[in-house]
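Beneath this line is the structure, given in C-alpha cells, with notes to follow.
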Amino acid sequence: MDLSVLPAAPSLVPSQANVTPDPALGDGFRELVGQLGREITAPMTAALERVNAFATTGRMDRAGLRALRDEIEAARRLGLGAQQISRFASGRVRPQPERLSLTKTLREALAQRSRETASRGIDLRQDLNPAEVYIDASMWSALLQALLDWSFEHARSHIEFRIDVKPWPVHARLACRFAYIPADELPSAQPVPPAQQLETMPWQLLIRLARILGLVAQREDKDGDTQLTLEFPRTVTEGVTALATLEFDEPAVTGANSQPMVGRHVLVIASRRETRNSVRDTLRSMGLMVDYVSSIEEAKQFCEGGLPHAIIFEAALAGEHFRKLRADWSREVPTLAFIEIAEQGRELEVSDIGGQRTSRIGRDVVASGLPSALMFELSRDG
C-alpha cells in the first residue's frame, strides 16, 4: 500500500465541523495505528482472561460465554474497520455512483441490526423523509454500518435518525443524534470537554468514507450530546434523469482487490468441514465478515444476537425447522438473502417457492459460483 495516500486522522470539534481531505500522513498514520492497538487490546485482554478462567475452572456459564463472544466480536469489528480504512485509502477502489434511496437503505440497515439495538436497550427514533442520491452502493453500505457501529458504541439511551432535503442548494441530509453522557452525569461546575472519546475506530472509518464519497460531514458536540450531519451534494432532484449530467470520478477499479461486498455480514451453516473450508477460501478476498455454524440450532442461537445480510446453507440442513426459522427471519428483515449449496449443479439457479427466494449453486462449483451468487443477491433492489 502506498502510505502517502492515507489522510491524517481527523479530529472534529464544533469549531472544525466541515470535513476536508488532508493529504498529510506522518504522525496521523502512526496515531491511527496506535489507536487501533489500544482499542483492540481491551476486548482481547478481557477475552483472554475469560479463557484463562475457563482453563482453570473448566466452567463457563451462558452469560460468560456471551460476554466472550461479544469481546471477540468487538475485536473482529475493529480489525475489519482497519482493513477497510487501508483498502479505501490505498486508491485501489474508486466510487462508482448509482441512484439509491437514502431512506430505504437506512431503514434496511436499522432493521438488519434491530436485535442488536434491542439487546443493548437502545431506543431508535426515526424521522425519515424520502431522498435519493447518486452514490457508490458498496461504500455507502460500509459507511452506514460504520455509522451504526459508532452510534451504538457511544449512545447512552436513544438515537435519533433524521433524513430531509435542504432546499438550496438541494442537498439531502442524514442526521444522527444521541447523548454520550447522560444528563444526570454532566459536570455541574465546569464545561464538558471536547468529545474525543467519540473518535474511535468506527468514527475514523466513517469520516474517511465520507471524504472519499464527497459528502460534507459536520459534527456538533454540546452538553453531552452529539449530532453528526452528512450532506449529499449529488442529490436526485426533479428533472435530473441521467448520470452523465454529473461529474463523477473514473469507473471503479475491478479485480481481486476491489472487495465489492466489503462490510457485509454472512452466516454460513454447514455441517461438513470441507464445505466450510471451501466457502472460507472462496470468500477470503471479498472483504466480508463471515461466521460459521454447523447446525440449524446453532444458527438460531447465533441470530438471536443479530441477523446477517446473507445466509449460505447446505441443502441437507434445510428441513422444516430451518424453513420456519427462515420465515421468521425474513419477516424481520425482508432483504435477507439465502444461498443454498446443493449436492449437484453447475449453474446459478434462482427459485421462489411460497415467497421464499433462494439462489442455488452446486457443491463442486462453490469457488466459481458463490461470489457471483453473493453479488447477485446482495446487489438486488429489495
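Just so we're on the same page: first chain in the C-alpha cells is A, next is B, and so on; residues restart at 1 for each chain, and ligands are numbered from 1 in the order they show up.
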Leu148 (chain A) surroundings by only C-alpha atoms, 9 Å radius, close-in-sequence under 6 positions cut, as a ChimeraX atom specification: /A:109-110,113,202
Per-residue DSSP, region 123-306 of chain A, filtered to strand (DSSP E or B), as number ranges by chain: A: 123-128, 132-136, 158-166, 171-179, 216-222, 225-232, 235, 265-269, 289-293
CA of Val236 (chain A) to CA of Trp150 (chain A), straight-line distance in Å: 27.5 Å
Leu370 (chain A) environment, 10 Å, only C-alpha atoms, sequence neighbours closer than 6 positions dropped, as a list in words: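 With the cut-off at 10 Å, the set is Val279, Thr282, Leu283, Ile312, Ile339, Glu340, Ile341, Leu348, Ser359, Arg360, Ile361, Gly362, Arg363 and Phe376 of chain A.
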Nearest candidate to Arg280 (chain A) (options A:Thr200, A:Pro334, A:Pro371, A:Phe322; using only C-alpha atoms):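 Smallest distance to Arg280 (chain A) is found for A:Pro371.
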Those of region 40-201 of chain A in DSSP helix (DSSP H, G or I), formatted as a PyMOL selection string: chain A and resi 40-57+62-89+102-112+114-120+137-154+183-185+196-198+201
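The gap separating CA of Thr226 (chain A) from CA of Gln112 (chain A) is 23.9 Å, in Å to one decimal.
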Which residues of region 159-181 of chain A have any atom within 12 Å of an atom in region 210-222 of chain A when counting only C-alpha atoms, and what is the closest pair of atoms for each, with the distance in Å to one decimal? Order the rows by chain and rising number and write it as CSV.
```
residue,atom,partner,partner_atom,distance
A:His171,CA,A:Val216,CA,10.1
A:Ala172,CA,A:Leu215,CA,10.3
A:Arg173,CA,A:Val216,CA,9.3
A:Leu174,CA,A:Ala217,CA,9.8
A:Ala175,CA,A:Gln218,CA,9.4
A:Cys176,CA,A:Arg219,CA,9.4
A:Arg177,CA,A:Glu220,CA,9.4
A:Phe178,CA,A:Asp221,CA,10.0
A:Ala179,CA,A:Lys222,CA,9.4
A:Tyr180,CA,A:Asp221,CA,9.5
A:Ile181,CA,A:Lys222,CA,10.2
```
Store the residues picked out above in a file with N, CA and C atoms, as a compact mmCIF listing (two decimals), in the first residue's frame.
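Contents of selection09.txt, as written:
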```txt
# COMPACT_ATOMS: atom_id res chain seq x y z
N HIS A 171 -29.71 19.60 -1.33
CA HIS A 171 -28.84 18.54 -0.82
C HIS A 171 -29.61 17.71 0.21
N ALA A 172 -29.61 16.41 0.03
CA ALA A 172 -30.17 15.53 1.06
C ALA A 172 -29.25 15.56 2.28
N ARG A 173 -29.87 15.39 3.46
CA ARG A 173 -29.10 15.38 4.70
C ARG A 173 -29.55 14.21 5.57
N LEU A 174 -28.58 13.53 6.15
CA LEU A 174 -28.85 12.48 7.13
C LEU A 174 -28.21 12.90 8.45
N ALA A 175 -29.02 12.99 9.49
CA ALA A 175 -28.53 13.40 10.80
C ALA A 175 -28.69 12.26 11.80
N CYS A 176 -27.69 12.09 12.64
CA CYS A 176 -27.70 11.09 13.71
C CYS A 176 -27.36 11.80 15.01
N ARG A 177 -28.26 11.70 16.00
CA ARG A 177 -28.05 12.43 17.25
C ARG A 177 -28.26 11.49 18.44
N PHE A 178 -27.39 11.61 19.44
CA PHE A 178 -27.54 10.81 20.65
C PHE A 178 -26.78 11.47 21.80
N ALA A 179 -27.09 11.04 23.01
CA ALA A 179 -26.38 11.50 24.20
C ALA A 179 -25.29 10.49 24.54
N TYR A 180 -24.06 10.96 24.65
CA TYR A 180 -22.96 10.10 25.06
C TYR A 180 -22.65 10.26 26.54
N ILE A 181 -23.20 11.30 27.17
CA ILE A 181 -23.14 11.47 28.62
C ILE A 181 -24.56 11.75 29.11
```
